[in-house]
file start-v1.tsv (TSV, C-alpha atoms)
chain	number	residue	atom	x	y	z
A	60	MET	CA	123.00	63.38	83.44
A	61	THR	CA	123.04	66.28	85.90
A	62	ASP	CA	126.40	66.92	87.49
A	63	THR	CA	126.54	66.36	91.22
A	64	PRO	CA	126.11	69.78	92.87
A	65	THR	CA	128.80	71.12	95.18
A	66	LEU	CA	129.05	73.89	97.75
A	67	HIS	CA	130.10	76.19	94.90
A	68	ASP	CA	126.56	75.87	93.54
A	69	THR	CA	124.93	77.39	96.65
A	70	PRO	CA	124.98	81.03	97.83
A	71	ASP	CA	127.91	82.05	100.00
A	72	SER	CA	125.52	82.66	102.89
A	73	ASP	CA	124.47	78.99	102.69
A	74	PHE	CA	127.84	78.21	104.24
A	75	LEU	CA	127.13	74.53	104.96
A	76	GLY	CA	125.17	73.88	101.78
A	77	PHE	CA	121.69	73.16	103.14
A	78	GLU	CA	120.27	73.65	99.65
A	79	LEU	CA	122.07	70.46	98.64
A	80	LEU	CA	119.43	68.58	100.64
A	81	LEU	CA	116.98	69.43	97.85
A	82	ASP	CA	116.73	67.52	94.59
A	83	ASP	CA	117.47	69.13	91.22
A	84	GLU	CA	113.88	70.21	90.59
A	85	ASP	CA	113.51	71.85	94.00
A	86	ARG	CA	116.83	73.67	93.67
A	87	LYS	CA	115.73	75.05	90.31
A	88	HIS	CA	112.50	76.21	91.94
A	89	LEU	CA	114.50	78.02	94.62
A	90	GLU	CA	116.74	79.61	91.99
A	91	ARG	CA	113.67	80.95	90.14
A	92	VAL	CA	112.36	82.51	93.33
A	93	ARG	CA	115.77	84.02	94.08
A	94	ALA	CA	116.08	85.43	90.56
A	95	PHE	CA	112.61	86.98	90.66
A	96	MET	CA	113.12	88.59	94.05
A	97	THR	CA	116.54	89.96	93.12
A	98	ALA	CA	115.51	91.30	89.72
A	99	ASN	CA	111.99	92.55	90.44
A	100	VAL	CA	111.61	93.23	94.15
A	101	GLU	CA	114.97	94.47	95.44
A	102	PRO	CA	115.22	97.46	93.05
A	103	VAL	CA	111.81	98.88	94.02
A	104	ILE	CA	111.03	97.75	97.55
A	105	ASN	CA	112.69	100.62	99.44
A	106	ASP	CA	110.42	103.10	97.67
A	107	TYR	CA	107.30	101.13	98.62
A	108	TRP	CA	108.59	100.70	102.18
A	109	THR	CA	109.08	104.46	102.50
A	110	ARG	CA	105.57	105.18	101.23
A	111	ALA	CA	104.00	102.28	103.18
A	112	GLN	CA	102.37	101.03	99.99
A	113	PHE	CA	101.99	97.52	98.58
A	114	PRO	CA	103.40	96.73	95.09
A	115	HIS	CA	100.29	95.13	93.57
A	116	GLU	CA	101.97	94.97	90.16
A	117	LEU	CA	104.33	92.29	91.52
A	118	VAL	CA	101.50	89.87	92.33
A	119	PRO	CA	101.26	88.33	88.80
A	120	GLY	CA	104.98	87.54	88.89
A	121	LEU	CA	104.67	85.96	92.32
A	122	ALA	CA	101.72	83.94	91.05
A	123	GLU	CA	103.79	82.60	88.14
A	124	LEU	CA	106.32	81.23	90.65
A	125	GLY	CA	103.67	78.81	91.92
A	126	ILE	CA	104.54	79.36	95.59
A	127	ALA	CA	101.10	80.04	97.09
A	128	GLY	CA	100.21	77.20	99.45
A	129	LEU	CA	103.38	75.45	98.32
A	130	GLN	CA	103.33	72.67	100.93
A	131	PHE	CA	99.61	71.90	100.73
A	132	ASP	CA	98.30	69.03	98.63
A	133	GLY	CA	94.72	70.29	98.33
A	134	PRO	CA	92.97	70.88	95.00
A	135	GLY	CA	95.14	72.96	92.69
A	136	CYS	CA	97.94	73.25	95.26
A	137	PRO	CA	101.59	72.45	94.48
A	138	GLY	CA	101.90	69.73	97.16
A	139	ARG	CA	105.65	70.20	97.64
A	140	SER	CA	107.66	69.51	100.79
A	141	SER	CA	107.64	71.59	103.96
A	142	LEU	CA	111.40	71.89	103.57
A	143	LEU	CA	111.06	73.49	100.13
A	144	ASP	CA	108.26	75.71	101.40
A	145	GLY	CA	110.46	76.88	104.27
A	146	MET	CA	113.46	77.57	102.07
A	147	THR	CA	111.19	79.50	99.72
A	148	SER	CA	110.00	81.64	102.64
A	149	MET	CA	113.63	82.24	103.54
A	150	GLU	CA	114.38	83.35	99.97
A	151	LEU	CA	111.48	85.81	99.98
A	152	ALA	CA	112.51	87.31	103.33
A	153	ARG	CA	116.17	87.45	102.27
A	154	VAL	CA	115.17	90.23	99.86
A	155	ASP	CA	112.13	91.63	101.65
A	156	PRO	CA	110.37	90.40	104.80
A	157	SER	CA	107.18	92.27	103.84
A	158	ILE	CA	106.73	90.26	100.65
A	159	GLN	CA	107.31	87.08	102.63
A	160	THR	CA	104.69	88.18	105.16
A	161	PHE	CA	102.19	88.91	102.39
A	162	MET	CA	102.75	85.41	100.99
A	163	GLY	CA	102.72	83.88	104.48
A	164	VAL	CA	99.31	85.39	105.21
A	165	HIS	CA	97.82	84.41	101.86
A	166	GLY	CA	99.50	81.07	101.15
A	167	GLY	CA	99.99	80.01	104.78
A	168	LEU	CA	97.33	81.34	107.13
A	169	ALA	CA	94.42	81.85	104.72
A	170	MET	CA	95.03	78.84	102.45
A	171	GLY	CA	96.07	76.80	105.48
A	172	SER	CA	92.74	77.53	107.17
A	173	VAL	CA	90.87	76.19	104.14
A	174	GLN	CA	93.22	73.22	103.67
A	175	LEU	CA	93.31	72.15	107.32
A	176	CYS	CA	89.83	73.16	108.46
A	177	GLY	CA	87.69	73.28	105.34
A	178	SER	CA	85.37	70.64	103.90
A	179	ASP	CA	86.18	68.89	100.64
A	180	GLU	CA	83.69	71.12	98.85
A	181	GLN	CA	85.25	74.26	100.31
A	182	LYS	CA	88.72	73.16	99.29
A	183	GLU	CA	87.51	72.60	95.73
A	184	ARG	CA	85.73	75.95	95.74
A	185	TRP	CA	88.57	78.16	96.95
A	186	LEU	CA	92.01	76.55	96.91
A	187	PRO	CA	92.68	76.36	93.14
A	188	ALA	CA	91.99	80.07	92.62
A	189	MET	CA	93.98	80.93	95.75
A	190	ALA	CA	96.91	78.85	94.52
A	191	ARG	CA	96.82	80.78	91.23
A	192	MET	CA	96.52	83.98	93.31
A	193	GLU	CA	93.38	84.96	91.47
A	194	LEU	CA	91.77	85.16	94.90
A	195	LEU	CA	93.87	86.65	97.70
A	196	GLY	CA	93.29	85.73	101.33
A	197	ALA	CA	93.56	87.22	104.81
A	198	PHE	CA	93.37	85.66	108.28
A	199	GLY	CA	91.42	87.40	111.05
A	200	LEU	CA	92.21	86.08	114.52
A	201	THR	CA	93.94	88.79	116.61
A	202	GLU	CA	91.72	91.35	118.32
A	203	PRO	CA	92.40	94.90	119.57
A	204	LEU	CA	92.38	93.96	123.25
A	205	GLU	CA	93.93	90.52	122.98
A	206	GLY	CA	97.34	89.48	121.69
A	207	SER	CA	98.94	86.42	123.27
A	208	GLY	CA	95.87	85.97	125.49
A	209	ILE	CA	93.59	85.32	122.52
A	210	ALA	CA	93.31	81.63	123.52
A	211	GLY	CA	91.44	82.76	126.60
A	212	GLY	CA	88.43	83.69	124.52
A	213	LEU	CA	87.43	85.69	121.46
A	214	ALA	CA	85.31	88.80	121.80
A	215	THR	CA	84.17	88.52	118.17
A	216	THR	CA	80.91	86.58	118.12
A	217	ALA	CA	79.01	84.40	115.66
A	218	ARG	CA	75.26	83.87	115.97
A	219	ARG	CA	73.33	81.32	113.90
A	220	GLU	CA	70.20	82.57	112.17
A	221	GLY	CA	68.71	79.93	109.91
A	222	ASP	CA	71.15	79.18	107.11
A	223	GLU	CA	73.31	82.18	107.94
A	224	TRP	CA	75.72	83.30	110.63
A	225	VAL	CA	75.88	86.86	111.92
A	226	LEU	CA	79.36	88.10	112.87
A	227	ASP	CA	80.03	91.03	115.20
A	228	GLY	CA	83.32	92.27	116.60
A	229	GLU	CA	86.74	93.76	115.87
A	230	LYS	CA	90.02	92.38	114.52
A	231	LYS	CA	93.44	94.03	114.46
A	232	TRP	CA	96.79	93.58	112.70
A	233	ILE	CA	95.16	91.67	109.86
A	234	GLY	CA	97.58	91.56	106.93
A	235	ASN	CA	96.14	91.80	103.39
A	236	ALA	CA	92.66	92.48	104.79
A	237	SER	CA	91.97	95.72	102.95
A	238	PHE	CA	92.45	94.17	99.51
A	239	ALA	CA	91.82	90.46	100.12
A	240	ASP	CA	89.05	88.65	98.26
A	241	LEU	CA	88.55	86.13	101.06
A	242	VAL	CA	88.88	86.97	104.76
A	243	VAL	CA	88.94	84.09	107.23
A	244	ILE	CA	87.28	85.30	110.43
A	245	TRP	CA	87.56	83.36	113.68
A	246	ALA	CA	84.66	84.01	116.06
A	247	ARG	CA	83.07	82.58	119.21
A	248	ASP	CA	79.75	80.84	118.71
A	249	VAL	CA	77.40	82.41	121.27
A	250	GLU	CA	75.45	79.14	121.47
A	251	ASP	CA	78.18	76.75	122.57
A	252	GLY	CA	81.08	79.13	123.30
A	253	GLN	CA	83.37	77.38	120.81
A	254	VAL	CA	85.55	79.11	118.21
A	255	LYS	CA	84.56	78.60	114.60
A	256	GLY	CA	86.00	79.78	111.30
A	257	PHE	CA	84.13	81.67	108.58
A	258	VAL	CA	85.18	82.73	105.09
A	259	VAL	CA	83.82	86.17	104.28
A	260	GLU	CA	83.84	86.82	100.55
A	261	LYS	CA	84.46	90.47	99.70
A	262	ASP	CA	81.46	92.24	98.15
A	263	SER	CA	79.18	89.24	98.68
A	264	PRO	CA	75.59	89.77	99.93
A	265	GLY	CA	75.69	90.37	103.66
A	266	SER	CA	79.36	91.46	103.76
A	267	GLU	CA	78.53	95.17	103.72
A	268	GLY	CA	79.06	95.37	107.47
A	269	MET	CA	82.74	94.40	107.16
A	270	THR	CA	84.85	97.57	106.95
A	271	PHE	CA	88.56	98.27	107.26
A	272	ASP	CA	90.93	100.88	108.63
A	273	VAL	CA	94.47	100.40	107.32
A	274	GLN	CA	96.94	100.86	110.17
A	275	ARG	CA	99.35	103.75	109.70
A	276	ASP	CA	102.69	104.90	111.10
A	277	LYS	CA	104.27	101.45	111.50
A	278	ILE	CA	108.03	101.30	111.89
A	279	ALA	CA	108.23	97.70	110.61
A	280	LEU	CA	106.90	95.72	107.64
A	281	ARG	CA	105.61	98.97	106.21
A	282	VAL	CA	104.82	97.34	102.85
A	283	VAL	CA	102.36	94.95	104.52
A	284	GLN	CA	98.87	96.43	104.62
A	285	ASN	CA	97.70	95.58	108.13
A	286	ALA	CA	94.16	96.64	108.95
A	287	GLU	CA	91.62	96.80	111.70
A	288	ILE	CA	88.47	94.96	110.67
A	289	HIS	CA	85.08	96.13	111.93
A	290	LEU	CA	82.32	93.53	111.78
A	291	ARG	CA	78.80	94.88	112.14
A	292	ALA	CA	76.10	92.25	111.58
A	293	VAL	CA	78.08	90.64	108.77
A	294	ARG	CA	76.08	87.78	107.31
A	295	VAL	CA	77.87	84.64	106.16
A	296	PRO	CA	76.11	81.59	104.70
A	297	GLU	CA	76.46	78.26	106.52
A	298	ALA	CA	78.26	77.02	103.39
A	299	ASN	CA	81.10	79.42	104.26
A	300	ARG	CA	81.61	78.14	107.80
A	301	LEU	CA	84.79	76.06	107.74
A	302	GLY	CA	83.50	72.51	108.03
A	303	HIS	CA	86.22	71.14	110.32
A	304	ALA	CA	86.77	74.11	112.64
A	305	SER	CA	84.87	73.59	115.86
A	306	SER	CA	87.20	74.87	118.62
A	307	PHE	CA	90.19	77.11	119.25
A	308	ALA	CA	92.39	74.02	118.93
A	309	ASP	CA	91.64	74.06	115.21
A	310	THR	CA	93.22	77.50	114.84
A	311	ALA	CA	96.29	76.05	116.56
A	312	LYS	CA	96.57	73.45	113.77
A	313	VAL	CA	97.01	76.27	111.30
A	314	LEU	CA	99.36	78.29	113.50
A	315	LYS	CA	101.62	75.31	114.17
A	316	VAL	CA	102.32	75.02	110.46
A	317	THR	CA	102.62	78.73	109.72
A	318	ARG	CA	104.82	79.40	112.77
A	319	MET	CA	107.53	77.48	110.94
A	320	GLY	CA	107.15	79.91	108.05
A	321	VAL	CA	107.93	82.74	110.47
A	322	ALA	CA	111.01	80.90	111.74
A	323	TRP	CA	112.22	80.56	108.17
A	324	ALA	CA	111.36	84.22	107.52
A	325	ALA	CA	113.44	85.29	110.52
A	326	THR	CA	116.32	83.27	109.13
A	327	GLY	CA	115.87	84.93	105.74
A	328	CYS	CA	115.76	88.39	107.31
A	329	ALA	CA	119.04	87.68	109.11
A	330	ARG	CA	120.54	86.24	105.94
A	331	GLY	CA	119.60	89.29	103.88
A	332	ALA	CA	121.13	91.67	106.42
A	333	TYR	CA	124.30	89.56	106.55
A	334	GLU	CA	124.63	89.46	102.75
A	335	HIS	CA	124.27	93.23	102.42
A	336	ALA	CA	126.76	93.80	105.24
A	337	LEU	CA	129.27	91.39	103.70
A	338	ARG	CA	128.96	93.09	100.32
A	339	TYR	CA	129.40	96.50	101.91
A	340	THR	CA	132.63	95.52	103.67
A	341	GLY	CA	134.22	94.70	100.33
A	342	GLU	CA	133.28	98.11	98.91
A	343	ARG	CA	133.74	100.46	101.86
A	344	GLU	CA	137.30	101.69	102.44
A	345	GLN	CA	138.79	103.24	105.55
A	346	PHE	CA	142.44	103.96	106.23
A	347	GLY	CA	143.23	103.12	102.63
A	348	LYS	CA	141.77	99.60	102.41
A	349	PRO	CA	138.41	97.74	102.39
A	350	ILE	CA	137.01	97.30	105.88
A	351	ALA	CA	136.56	93.58	105.09
A	352	GLY	CA	140.21	93.21	106.09
A	353	PHE	CA	139.71	94.59	109.60
A	354	GLN	CA	139.69	92.06	112.44
A	355	LEU	CA	136.73	93.55	114.31
A	356	VAL	CA	134.66	93.62	111.13
A	357	GLN	CA	135.47	89.98	110.38
A	358	ASP	CA	134.48	89.07	113.93
A	359	LEU	CA	131.04	90.61	113.42
A	360	LEU	CA	130.62	88.94	110.03
A	361	VAL	CA	131.46	85.53	111.45
A	362	LYS	CA	129.04	85.97	114.34
A	363	MET	CA	126.32	86.91	111.87
A	364	LEU	CA	127.09	83.95	109.66
A	365	ALA	CA	127.04	81.58	112.63
A	366	ASN	CA	123.57	82.81	113.58
A	367	VAL	CA	122.31	82.32	110.03
A	368	VAL	CA	123.78	78.82	109.80
A	369	ALA	CA	122.47	77.75	113.22
A	370	SER	CA	118.99	79.10	112.47
A	371	THR	CA	118.91	77.40	109.08
A	372	ALA	CA	119.97	74.10	110.63
A	373	MET	CA	117.19	74.23	113.20
A	374	CYS	CA	114.60	75.16	110.59
A	375	VAL	CA	115.75	72.37	108.27
A	376	ARG	CA	115.38	69.73	110.98
A	377	VAL	CA	111.98	70.96	112.16
A	378	SER	CA	110.73	71.08	108.55
A	379	GLN	CA	111.94	67.51	108.11
A	380	LEU	CA	109.89	66.54	111.17
A	381	GLN	CA	106.93	68.33	109.60
A	382	ASP	CA	107.32	66.35	106.38
A	383	ALA	CA	107.49	63.14	108.42
A	384	GLY	CA	104.29	64.01	110.28
A	385	LEU	CA	106.15	64.35	113.59
A	386	LEU	CA	105.90	68.10	114.12
A	387	LYS	CA	104.62	69.21	117.53
A	388	ASP	CA	103.74	72.67	118.79
A	389	GLU	CA	106.88	72.82	120.91
A	390	HIS	CA	109.11	72.08	117.91
A	391	ALA	CA	107.72	75.02	115.92
A	392	SER	CA	107.81	77.23	119.01
A	393	LEU	CA	111.45	76.45	119.73
A	394	ALA	CA	112.37	77.28	116.14
A	395	LYS	CA	110.42	80.54	116.19
A	396	ALA	CA	111.83	81.67	119.54
A	397	PHE	CA	115.42	80.79	118.60
A	398	THR	CA	115.53	82.15	115.06
A	399	THR	CA	113.87	85.46	115.89
A	400	SER	CA	116.29	86.06	118.76
A	401	ARG	CA	119.27	85.28	116.53
A	402	MET	CA	117.76	87.46	113.80
A	403	ARG	CA	117.59	90.43	116.14
A	404	GLU	CA	121.27	90.02	117.01
A	405	THR	CA	122.27	89.61	113.39
A	406	VAL	CA	120.51	92.64	111.94
A	407	GLY	CA	121.96	94.73	114.78
A	408	TRP	CA	125.47	93.58	113.98
A	409	ALA	CA	124.87	94.25	110.28
A	410	ARG	CA	123.88	97.83	111.09
A	411	GLU	CA	126.99	98.11	113.26
A	412	VAL	CA	129.20	97.00	110.38
A	413	LEU	CA	127.74	99.75	108.18
A	414	GLY	CA	128.21	102.44	110.81
A	415	GLY	CA	126.18	105.56	110.07
A	416	ASN	CA	125.29	104.24	106.62
A	417	GLY	CA	123.37	101.45	108.33
A	418	ILE	CA	120.38	103.72	108.87
A	419	LEU	CA	120.11	104.67	105.20
A	420	LEU	CA	117.60	102.67	103.15
A	421	GLU	CA	119.88	102.77	100.10
A	422	HIS	CA	122.03	100.13	101.80
A	423	HIS	CA	118.95	98.00	102.69
A	424	VAL	CA	120.20	96.94	106.13
A	425	GLY	CA	118.11	99.58	107.92
A	426	ARG	CA	114.94	98.05	106.46
A	427	PHE	CA	115.89	94.63	107.82
A	428	VAL	CA	116.62	96.14	111.24
A	429	ALA	CA	113.15	97.70	111.35
A	430	ASP	CA	111.27	94.73	109.88
A	431	ALA	CA	112.91	92.34	112.33
A	432	GLU	CA	110.98	93.97	115.16
A	433	ALA	CA	107.66	92.82	113.71
A	434	ILE	CA	108.88	89.29	112.93
A	435	TYR	CA	110.15	89.03	116.49
A	436	SER	CA	106.62	89.51	117.85
A	437	TYR	CA	104.01	88.06	115.53
A	438	GLU	CA	102.87	84.41	115.49
A	439	GLY	CA	103.64	84.26	119.20
A	440	THR	CA	106.16	86.38	121.09
A	441	ARG	CA	109.47	84.89	122.18
A	442	GLU	CA	108.14	84.65	125.73
A	443	ILE	CA	104.97	82.77	124.77
A	444	ASN	CA	106.87	80.36	122.52
A	445	THR	CA	109.38	79.80	125.30
A	446	LEU	CA	106.56	78.84	127.68
A	447	ILE	CA	105.16	76.39	125.13
A	448	VAL	CA	108.54	74.67	125.00
A	449	GLY	CA	108.91	74.93	128.77
A	450	ARG	CA	105.59	73.16	129.29
A	451	ALA	CA	106.69	70.37	126.96
A	452	ILE	CA	110.03	69.72	128.68
A	453	THR	CA	108.84	70.06	132.30
A	454	GLY	CA	105.29	68.80	132.09
A	455	ARG	CA	104.14	71.95	133.93
A	456	SER	CA	102.33	74.90	132.42
A	457	ALA	CA	103.53	78.37	133.39
A	458	PHE	CA	100.70	80.12	131.53
A	459	VAL	CA	98.59	82.32	133.78
call {"tool": "encode", "arguments": {"input": "start-v1.tsv", "output": "structure tokens"}}
result
Amino acid sequence: MTDTPTLHDTPDSDFLGFELLLDDEDRKHLERVRAFMTANVEPVINDYWTRAQFPHELVPGLAELGIAGLQFDGPGCPGRSSLLDGMTSMELARVDPSIQTFMGVHGGLAMGSVQLCGSDEQKERWLPAMARMELLGAFGLTEPLEGSGIAGGLATTARREGDEWVLDGEKKWIGNASFADLVVIWARDVEDGQVKGFVVEKDSPGSEGMTFDVQRDKIALRVVQNAEIHLRAVRVPEANRLGHASSFADTAKVLKVTRMGVAWAATGCARGAYEHALRYTGEREQFGKPIAGFQLVQDLLVKMLANVVASTAMCVRVSQLQDAGLLKDEHASLAKAFTTSRMRETVGWAREVLGGNGILLEHHVGRFVADAEAIYSYEGTREINTLIVGRAITGRSAFV
């Protein structure tokens, strides 16, 4: 019989023991993810971050963890809980937010598009290989001239020609795009004006008009390979049009689920910065003793910990609502807005604890400070998510 777990069995940063909400099997899963990230990612990630390169050699190890599309129950998918999926995202981001973003794009946005908007045949065709990470996915929604206003209309168009669709337009900030095997493209049907989803298979007949420019000189999530996608008369068979995507509201179904992954990632980013800062205070000495014993340092550590705990608590509850089928847009938006704001505070305090050393990558905190800026903005800015919640609680929309 397994001994009853206690708070001593959870990481120190899990101050209130949220992992104890998981059963034995799920905790072991989380421990495997934590061990892999600590042993394989943390020692090398600063070098890749500096060079703005992606560590492709880590993909087989990530695949063995079985975390792609973790919460989906489609063909070949793990079918685990949203709570476990969220805690897994937190574990990834605790070591490196870029790796979490890579997995969030592939296992959340791309696989989520197929799971939530694809036909049964399409799910059978793509999900098993995506779950094994034999096929990697990307998600093309954002455009160069539209960020938060994308709901107002897509400039990328789709035109039906017999049994094919012709796609024309531009996409921007598309993670994984330059090396993905499957790129989900959202485009406006010129016939009815509605948004539809298409899966463009790399190197398939008709895909020659899809080209990429990897975006350079980012100050955040430098490991993630974001790209601009150029679509010039790209031909996609009708069989690759997502069968249950017929309006922009269908993209929102995907984003509602994946927005929670970003909330968990923000919590993980804050947690990673806090853990590195806490470790540093026990090693760094000033005036003849470790700075962990200084009152002002302890004040900053406690404020960081409180942010991590509060963010985790909110994410746990919203993930529980998701598992119960009660999740609404405003729930995910509140979690994203709150956790990213608290993350920004926390990584700043962590850098403050490290003083000048906080800007050196060797201490890791500087990477979290930079990466937090991207997490703060994508999947809906704080302002947009605030207005989604504001509309829900007042009954009045403040969107222009």
call {"tool": "closest_residue", "arguments": {"input": "start-v1.tsv", "among": "A:Trp224, A:Met146, A:Trp108, A:Lys231", "to": "Asp276 of chain A", "atoms": "all atoms listed in the file"}}
result
A:Trp108
call {"tool": "residues_around", "arguments": {"input": "start-v1.tsv", "residues": "Val368 of chain A", "least_positions_apart": "4", "cutoff": "10 Å", "atoms": "all atoms listed in the file", "output": "ChimeraX atom specification"}}
result
/A:72-77,326,330,362-364,372-374
call {"tool": "closest_residue", "arguments": {"input": "start-v1.tsv", "among": "A:Leu89, A:Leu129, A:Val100, A:Ala292", "to": "Glu116 of chain A", "atoms": "all atoms listed in the file"}}
result
A:Val100
call {"tool": "residues_around", "arguments": {"input": "start-v1.tsv", "residues": "Ser148 of chain A", "least_positions_apart": "4", "cutoff": "9 Å", "atoms": "only C-alpha atoms", "output": "number ranges by chain"}}
result
A: 143-144, 152-153, 159-160, 162-163, 320-321, 323-324, 327
call {"tool": "closest_residue", "arguments": {"input": "start-v1.tsv", "among": "A:Asn366, A:Thr371, A:Gln112, A:Thr405", "to": "Glu150 of chain A", "atoms": "all atoms listed in the file"}}
result
A:Thr371
call {"tool": "residues_near_point", "arguments": {"input": "start-v1.tsv", "point": "(99.3, 78.1, 96.8)", "cutoff": "10 Å", "atoms": "only C-alpha atoms", "output": "list in words"}}
result
Ala122, Leu124, Gly125, Ile126, Ala127, Gly128, Leu129, Gln130, Phe131, Asp132, Gly133, Pro134, Gly135, Cys136, Pro137, Gly138, Met162, His165, Gly166, Gly167, Met170, Gly171, Leu186, Pro187, Ala188, Met189, Ala190, Arg191 and Met192 of chain A
call {"tool": "residues_near_point", "arguments": {"input": "start-v1.tsv", "point": "(87.9, 83.9, 115.1)", "cutoff": "9 Å", "atoms": "all atoms listed in the file", "output": "list in words"}}
result
Phe198, Gly199, Leu200, Thr201, Glu202, Leu213, Ala214, Thr215, Thr216, Ala217, Lys230, Val243, Ile244, Trp245, Ala246, Arg247, Val254, Lys255, Gly256, Phe257, Phe307 and Thr310 of chain A
call {"tool": "atom_distance", "arguments": {"input": "start-v1.tsv", "atom1": "atom CA of Val282 of chain A", "atom2": "atom CA of Leu413 of chain A"}}
result
23.7 Å
call {"tool": "closest_residue", "arguments": {"input": "start-v1.tsv", "among": "A:Arg410, A:His289, A:Arg318, A:Arg281", "to": "Ala396 of chain A", "atoms": "all atoms listed in the file"}}
result
A:Arg318
call {"tool": "closest_residue", "arguments": {"input": "start-v1.tsv", "among": "A:Ala197, A:Val259, A:Val154, A:Val367", "to": "Leu301 of chain A", "atoms": "all atoms listed in the file"}}
result
A:Val259
call {"tool": "atom_distance", "arguments": {"input": "start-v1.tsv", "atom1": "atom CA of Leu117 of chain A", "atom2": "atom CA of Arg426 of chain A"}}
result
19.2 Å
call {"tool": "atom_distance", "arguments": {"input": "start-v1.tsv", "atom1": "atom CA of Glu334 of chain A", "atom2": "atom CA of Val92 of chain A"}}
result
17.0 Å
call {"tool": "residues_around", "arguments": {"input": "start-v1.tsv", "residues": "segment 397-403 of chain A", "least_positions_apart": "4", "cutoff": "8 Å", "atoms": "all atoms listed in the file", "output": "ChimeraX atom specification"}}
result
/A:322-323,325-326,328-329,366-367,370,393,407,428,431-432,434-435,441
